>>> print(open('upload-v2.txt').read())   # compact mmCIF, N, CA and C atoms and all ligand atoms
# COMPACT_ATOMS: atom_id res chain seq x y z
N MET A 1 0.83 -1.21 0.00
CA MET A 1 0.00 0.00 0.00
C MET A 1 0.87 1.25 0.00
N THR A 2 0.53 2.14 -0.87
CA THR A 2 1.27 3.39 -0.88
C THR A 2 0.34 4.52 -0.45
N ARG A 3 -0.07 4.47 0.79
CA ARG A 3 -0.88 5.57 1.30
C ARG A 3 0.01 6.79 1.52
N ASN A 4 -0.63 7.93 1.59
CA ASN A 4 0.10 9.17 1.85
C ASN A 4 1.21 9.43 0.83
N TRP A 5 0.87 9.19 -0.40
CA TRP A 5 1.80 9.48 -1.48
C TRP A 5 2.14 10.96 -1.50
N LYS A 6 3.43 11.27 -1.53
CA LYS A 6 3.80 12.68 -1.49
C LYS A 6 4.48 13.16 -2.77
N GLY A 7 4.80 12.20 -3.63
CA GLY A 7 5.52 12.58 -4.84
C GLY A 7 4.63 13.36 -5.81
N VAL A 8 5.26 13.92 -6.78
CA VAL A 8 4.53 14.63 -7.82
C VAL A 8 3.99 13.61 -8.82
N ILE A 9 2.77 13.78 -9.22
CA ILE A 9 2.19 12.87 -10.21
C ILE A 9 2.33 13.49 -11.59
N GLU A 10 3.25 12.92 -12.35
CA GLU A 10 3.52 13.48 -13.67
C GLU A 10 3.16 12.53 -14.80
N THR A 11 3.06 11.26 -14.46
CA THR A 11 2.80 10.26 -15.51
C THR A 11 1.65 9.35 -15.06
N LEU A 12 1.17 8.55 -16.01
CA LEU A 12 0.11 7.59 -15.68
C LEU A 12 0.56 6.58 -14.64
N SER A 13 1.82 6.14 -14.72
CA SER A 13 2.25 5.15 -13.73
C SER A 13 2.42 5.79 -12.35
N ASP A 14 2.77 7.07 -12.30
CA ASP A 14 2.77 7.77 -11.01
C ASP A 14 1.38 7.75 -10.39
N ALA A 15 0.39 8.02 -11.24
CA ALA A 15 -0.99 8.05 -10.75
C ALA A 15 -1.43 6.67 -10.27
N CYS A 16 -0.99 5.61 -10.97
CA CYS A 16 -1.32 4.25 -10.55
C CYS A 16 -0.67 3.94 -9.20
N ARG A 17 0.57 4.31 -9.06
CA ARG A 17 1.28 4.05 -7.81
C ARG A 17 0.63 4.81 -6.65
N ALA A 18 0.20 6.01 -6.94
CA ALA A 18 -0.43 6.84 -5.92
C ALA A 18 -1.91 6.49 -5.73
N ARG A 19 -2.40 5.58 -6.60
CA ARG A 19 -3.81 5.15 -6.55
C ARG A 19 -4.76 6.33 -6.71
N ARG A 20 -4.46 7.13 -7.69
CA ARG A 20 -5.30 8.30 -7.94
C ARG A 20 -5.98 8.19 -9.29
N LEU A 21 -7.26 8.46 -9.29
CA LEU A 21 -7.93 8.68 -10.56
C LEU A 21 -7.53 10.05 -11.08
N LEU A 22 -7.81 10.29 -12.33
CA LEU A 22 -7.52 11.59 -12.91
C LEU A 22 -8.82 12.28 -13.27
N TRP A 23 -8.79 13.57 -13.24
CA TRP A 23 -9.90 14.37 -13.74
C TRP A 23 -9.50 14.95 -15.08
N ALA A 24 -10.35 14.77 -16.06
CA ALA A 24 -10.12 15.42 -17.34
C ALA A 24 -11.18 16.50 -17.51
N PHE A 25 -10.73 17.70 -17.61
CA PHE A 25 -11.64 18.83 -17.80
C PHE A 25 -11.56 19.33 -19.23
N CYS A 26 -12.63 19.86 -19.70
CA CYS A 26 -12.60 20.56 -20.98
C CYS A 26 -12.64 22.05 -20.69
N LEU A 27 -11.63 22.75 -21.16
CA LEU A 27 -11.56 24.19 -20.91
C LEU A 27 -12.52 24.96 -21.81
N ALA A 28 -13.00 24.30 -22.85
CA ALA A 28 -13.91 24.99 -23.77
C ALA A 28 -15.34 25.02 -23.24
N CYS A 29 -15.83 23.87 -22.72
CA CYS A 29 -17.24 23.84 -22.32
C CYS A 29 -17.43 23.47 -20.85
N GLY A 30 -16.36 23.14 -20.15
CA GLY A 30 -16.49 22.84 -18.73
C GLY A 30 -16.85 21.39 -18.42
N HIS A 31 -16.96 20.57 -19.45
CA HIS A 31 -17.24 19.15 -19.23
C HIS A 31 -16.08 18.52 -18.46
N ALA A 32 -16.41 17.68 -17.46
CA ALA A 32 -15.36 17.03 -16.68
C ALA A 32 -15.74 15.58 -16.47
N HIS A 33 -14.77 14.70 -16.56
CA HIS A 33 -15.05 13.32 -16.21
C HIS A 33 -13.83 12.66 -15.63
N ARG A 34 -14.09 11.58 -14.88
CA ARG A 34 -12.99 10.87 -14.24
C ARG A 34 -12.37 9.88 -15.20
N VAL A 35 -11.07 9.74 -15.10
CA VAL A 35 -10.32 8.85 -15.96
C VAL A 35 -9.53 7.89 -15.07
N ASP A 36 -9.62 6.62 -15.36
CA ASP A 36 -8.84 5.64 -14.61
C ASP A 36 -7.49 5.46 -15.31
N PRO A 37 -6.38 5.82 -14.64
CA PRO A 37 -5.07 5.75 -15.31
C PRO A 37 -4.71 4.33 -15.73
N ARG A 38 -5.23 3.32 -15.02
CA ARG A 38 -4.93 1.94 -15.40
C ARG A 38 -5.51 1.62 -16.76
N LYS A 39 -6.72 2.11 -17.00
CA LYS A 39 -7.37 1.85 -18.29
C LYS A 39 -6.65 2.57 -19.42
N VAL A 40 -6.23 3.80 -19.13
CA VAL A 40 -5.52 4.55 -20.17
C VAL A 40 -4.22 3.86 -20.52
N MET A 41 -3.52 3.34 -19.50
CA MET A 41 -2.24 2.67 -19.77
C MET A 41 -2.45 1.41 -20.60
N LEU A 42 -3.57 0.72 -20.39
CA LEU A 42 -3.84 -0.47 -21.20
C LEU A 42 -4.01 -0.10 -22.67
N LEU A 43 -4.63 1.04 -22.89
CA LEU A 43 -4.91 1.46 -24.26
C LEU A 43 -3.74 2.16 -24.91
N ALA A 44 -3.08 3.02 -24.15
CA ALA A 44 -2.11 3.93 -24.76
C ALA A 44 -0.68 3.77 -24.23
N GLY A 45 -0.51 2.94 -23.20
CA GLY A 45 0.82 2.81 -22.62
C GLY A 45 1.14 3.99 -21.72
N GLU A 46 2.39 4.07 -21.32
CA GLU A 46 2.80 5.14 -20.41
C GLU A 46 2.80 6.49 -21.12
N LEU A 47 2.17 7.44 -20.48
CA LEU A 47 2.14 8.81 -21.00
C LEU A 47 2.33 9.75 -19.84
N THR A 48 2.85 10.93 -20.12
CA THR A 48 2.79 11.95 -19.08
C THR A 48 1.39 12.55 -19.10
N LEU A 49 1.00 13.16 -18.01
CA LEU A 49 -0.32 13.78 -17.97
C LEU A 49 -0.42 14.87 -19.03
N ARG A 50 0.69 15.50 -19.29
CA ARG A 50 0.73 16.54 -20.31
C ARG A 50 0.45 15.98 -21.71
N ASP A 51 1.04 14.80 -21.99
CA ASP A 51 0.79 14.18 -23.29
C ASP A 51 -0.65 13.69 -23.40
N LEU A 52 -1.15 13.14 -22.31
CA LEU A 52 -2.54 12.67 -22.29
C LEU A 52 -3.48 13.83 -22.59
N GLN A 53 -3.19 14.93 -21.96
CA GLN A 53 -3.99 16.13 -22.12
C GLN A 53 -4.05 16.58 -23.58
N LYS A 54 -2.91 16.45 -24.26
CA LYS A 54 -2.86 16.85 -25.66
C LYS A 54 -3.71 15.95 -26.54
N ARG A 55 -3.89 14.69 -26.12
CA ARG A 55 -4.63 13.74 -26.93
C ARG A 55 -6.13 13.80 -26.71
N LEU A 56 -6.53 14.39 -25.61
CA LEU A 56 -7.95 14.36 -25.26
C LEU A 56 -8.79 15.19 -26.20
N LYS A 57 -9.93 14.63 -26.54
CA LYS A 57 -10.90 15.39 -27.30
C LYS A 57 -12.20 15.32 -26.53
N CYS A 58 -12.81 16.45 -26.36
CA CYS A 58 -14.02 16.51 -25.54
C CYS A 58 -15.15 15.72 -26.19
N GLU A 59 -15.84 14.91 -25.35
CA GLU A 59 -16.97 14.13 -25.85
C GLU A 59 -18.16 15.03 -26.18
N ARG A 60 -18.21 16.17 -25.53
CA ARG A 60 -19.38 17.02 -25.68
C ARG A 60 -19.21 18.06 -26.78
N CYS A 61 -18.11 18.81 -26.74
CA CYS A 61 -17.99 19.90 -27.72
C CYS A 61 -16.96 19.60 -28.80
N ARG A 62 -16.29 18.45 -28.68
CA ARG A 62 -15.35 17.98 -29.71
C ARG A 62 -14.12 18.85 -29.87
N GLN A 63 -13.86 19.70 -28.91
CA GLN A 63 -12.65 20.51 -28.99
C GLN A 63 -11.52 19.83 -28.25
N LYS A 64 -10.31 20.13 -28.66
CA LYS A 64 -9.14 19.56 -28.00
C LYS A 64 -8.56 20.56 -27.03
N ARG A 65 -9.31 20.82 -25.98
CA ARG A 65 -8.81 21.75 -24.98
C ARG A 65 -8.88 21.11 -23.61
N GLY A 66 -8.38 19.89 -23.52
CA GLY A 66 -8.43 19.15 -22.28
C GLY A 66 -7.40 19.63 -21.28
N HIS A 67 -7.74 19.41 -20.02
CA HIS A 67 -6.79 19.68 -18.94
C HIS A 67 -6.90 18.52 -17.96
N VAL A 68 -5.77 17.95 -17.57
CA VAL A 68 -5.78 16.77 -16.73
C VAL A 68 -5.16 17.07 -15.37
N LEU A 69 -5.88 16.66 -14.33
CA LEU A 69 -5.38 16.83 -12.97
C LEU A 69 -5.56 15.52 -12.21
N PRO A 70 -4.63 15.19 -11.30
CA PRO A 70 -4.88 14.03 -10.45
C PRO A 70 -5.99 14.34 -9.45
N HIS A 71 -6.81 13.34 -9.19
CA HIS A 71 -7.86 13.46 -8.18
C HIS A 71 -7.22 13.53 -6.79
N ASP A 72 -7.89 14.19 -5.86
CA ASP A 72 -7.34 14.36 -4.51
C ASP A 72 -7.34 13.08 -3.69
N GLU A 73 -8.30 12.21 -3.96
CA GLU A 73 -8.47 11.03 -3.12
C GLU A 73 -8.07 9.76 -3.83
N GLU A 74 -7.68 8.77 -3.01
CA GLU A 74 -7.36 7.48 -3.58
C GLU A 74 -8.62 6.80 -4.09
N TRP A 75 -8.44 5.92 -5.08
CA TRP A 75 -9.58 5.13 -5.51
C TRP A 75 -9.84 4.04 -4.47
N ASP A 76 -11.02 3.42 -4.53
CA ASP A 76 -11.36 2.37 -3.58
C ASP A 76 -10.45 1.17 -3.79
N GLY A 77 -10.15 0.47 -2.70
CA GLY A 77 -9.25 -0.66 -2.77
C GLY A 77 -9.83 -1.85 -3.51
N ARG A 78 -9.82 -1.79 -4.82
CA ARG A 78 -10.36 -2.87 -5.61
C ARG A 78 -9.40 -3.24 -6.70
ZN ZN B 101 -15.95 20.43 -24.22
>>> encode(input="upload-v2.txt", output="structure tokens")
Amino acid sequence: MTRNWKGVIETLSDACRARRLLWAFCLACGHAHRVDPRKVMLLAGELTLRDLQKRLKCERCRQKRGHVLPHDEEWDGR
């Protein structure tokens, strides 16, 4: 268990180690949804959050103005 993670979360594997979901926001329309870093890694491999952000396209307004932040809380132990 890596509770009380203090490191900086810069990549998907950092987020996995810290057990954090990610928030993907759209700066164009305000749409936000949670992203599971484990699922993204299965699909896309290791990425920095910055690279992930560049790839995101909003489901609602179709613009590429995503912003990615780590969630504050750990995901449930599953
Ligand atoms: Zn949008």
>>> residues_around(input="upload-v2.txt", residues="stretch 15-21 of chain A", least_positions_apart="4", cutoff="6.5 Å", atoms="only N, CA and C atoms", output="list in words")
Thr2, Trp5, Ile9, Glu10, Thr11, Arg34, Val35, Asp36, Pro37, Arg38, Leu69, Pro70, His71, Glu73, Glu74 and Trp75 of chain A
>>> closest_residue(input="upload-v2.txt", among="A:Arg55, A:His67, A:Arg50, A:His31", to="ligand ZN 101 (chain B)", atoms="only C-alpha atoms and all ligand atoms")
A:His31
>>> residues_near_ligand(input="upload-v2.txt", ligand="ligand ZN 101 (chain B)", cutoff="6 Å", atoms="all atoms listed in the file", output="PyMOL selection string")
chain A and resi 26-31+58-63
>>> atom_distance(input="upload-v2.txt", atom1="atom CA of A:Leu12", atom2="atom CA of A:Leu43")
11.7 Å
>>> atom_distance(input="upload-v2.txt", atom1="atom CA of A:Lys57", atom2="atom C of A:Val8")
23.8 Å
>>> atom_distance(input="upload-v2.txt", atom1="atom C of A:Ala24", atom2="atom C of A:Gly7")
19.9 Å
>>> closest_residue(input="upload-v2.txt", among="A:Trp23, A:Gly66, A:Ser13, A:Lys54", to="A:Leu42", atoms="only C-alpha atoms")
A:Ser13
>>> select_by_dssp(input="upload-v2.txt", residues="stretch 10-64 of chain A", states="strand (DSSP E)", output="list in words")
Arg20, Leu21, Leu22, Trp23, Ala24, Phe25, Cys26, Ala32, His33, Arg34 and Val35 of chain A
>>> build_atoms(input="upload-v2.txt", residues="stretch 51-62 of chain A", atoms="N, CA, C and O atoms", output="PDB file, keeping the file's coordinate frame")
ATOM      1  N   ASP A  51       1.040  14.800 -21.990  1.00  0.00           N
ATOM      2  CA  ASP A  51       0.790  14.180 -23.290  1.00  0.00           C
ATOM      3  C   ASP A  51      -0.650  13.690 -23.400  1.00  0.00           C
ATOM      4  O   ASP A  51      -1.275  13.807 -24.445  1.00  0.00           O
ATOM      5  N   LEU A  52      -1.150  13.140 -22.310  1.00  0.00           N
ATOM      6  CA  LEU A  52      -2.540  12.670 -22.290  1.00  0.00           C
ATOM      7  C   LEU A  52      -3.480  13.830 -22.590  1.00  0.00           C
ATOM      8  O   LEU A  52      -4.404  13.723 -23.382  1.00  0.00           O
ATOM      9  N   GLN A  53      -3.190  14.930 -21.960  1.00  0.00           N
ATOM     10  CA  GLN A  53      -3.990  16.130 -22.120  1.00  0.00           C
ATOM     11  C   GLN A  53      -4.050  16.580 -23.580  1.00  0.00           C
ATOM     12  O   GLN A  53      -5.080  16.995 -24.076  1.00  0.00           O
ATOM     13  N   LYS A  54      -2.910  16.450 -24.260  1.00  0.00           N
ATOM     14  CA  LYS A  54      -2.860  16.850 -25.660  1.00  0.00           C
ATOM     15  C   LYS A  54      -3.710  15.950 -26.540  1.00  0.00           C
ATOM     16  O   LYS A  54      -4.172  16.347 -27.592  1.00  0.00           O
ATOM     17  N   ARG A  55      -3.890  14.690 -26.120  1.00  0.00           N
ATOM     18  CA  ARG A  55      -4.630  13.740 -26.930  1.00  0.00           C
ATOM     19  C   ARG A  55      -6.130  13.800 -26.710  1.00  0.00           C
ATOM     20  O   ARG A  55      -6.889  13.240 -27.484  1.00  0.00           O
ATOM     21  N   LEU A  56      -6.530  14.390 -25.610  1.00  0.00           N
ATOM     22  CA  LEU A  56      -7.950  14.360 -25.260  1.00  0.00           C
ATOM     23  C   LEU A  56      -8.790  15.190 -26.200  1.00  0.00           C
ATOM     24  O   LEU A  56      -8.409  16.292 -26.573  1.00  0.00           O
ATOM     25  N   LYS A  57      -9.930  14.630 -26.540  1.00  0.00           N
ATOM     26  CA  LYS A  57     -10.900  15.390 -27.300  1.00  0.00           C
ATOM     27  C   LYS A  57     -12.200  15.320 -26.530  1.00  0.00           C
ATOM     28  O   LYS A  57     -12.608  14.263 -26.082  1.00  0.00           O
ATOM     29  N   CYS A  58     -12.810  16.450 -26.360  1.00  0.00           N
ATOM     30  CA  CYS A  58     -14.020  16.510 -25.540  1.00  0.00           C
ATOM     31  C   CYS A  58     -15.150  15.720 -26.190  1.00  0.00           C
ATOM     32  O   CYS A  58     -15.408  15.855 -27.377  1.00  0.00           O
ATOM     33  N   GLU A  59     -15.840  14.910 -25.350  1.00  0.00           N
ATOM     34  CA  GLU A  59     -16.970  14.130 -25.850  1.00  0.00           C
ATOM     35  C   GLU A  59     -18.160  15.030 -26.180  1.00  0.00           C
ATOM     36  O   GLU A  59     -19.032  14.671 -26.936  1.00  0.00           O
ATOM     37  N   ARG A  60     -18.210  16.170 -25.530  1.00  0.00           N
ATOM     38  CA  ARG A  60     -19.380  17.020 -25.680  1.00  0.00           C
ATOM     39  C   ARG A  60     -19.210  18.060 -26.780  1.00  0.00           C
ATOM     40  O   ARG A  60     -20.045  18.175 -27.659  1.00  0.00           O
ATOM     41  N   CYS A  61     -18.110  18.810 -26.740  1.00  0.00           N
ATOM     42  CA  CYS A  61     -17.990  19.900 -27.720  1.00  0.00           C
ATOM     43  C   CYS A  61     -16.960  19.600 -28.800  1.00  0.00           C
ATOM     44  O   CYS A  61     -16.784  20.390 -29.706  1.00  0.00           O
ATOM     45  N   ARG A  62     -16.290  18.450 -28.680  1.00  0.00           N
ATOM     46  CA  ARG A  62     -15.350  17.980 -29.710  1.00  0.00           C
ATOM     47  C   ARG A  62     -14.120  18.850 -29.870  1.00  0.00           C
ATOM     48  O   ARG A  62     -13.406  18.765 -30.859  1.00  0.00           O
TER      49      ARG A  62
END
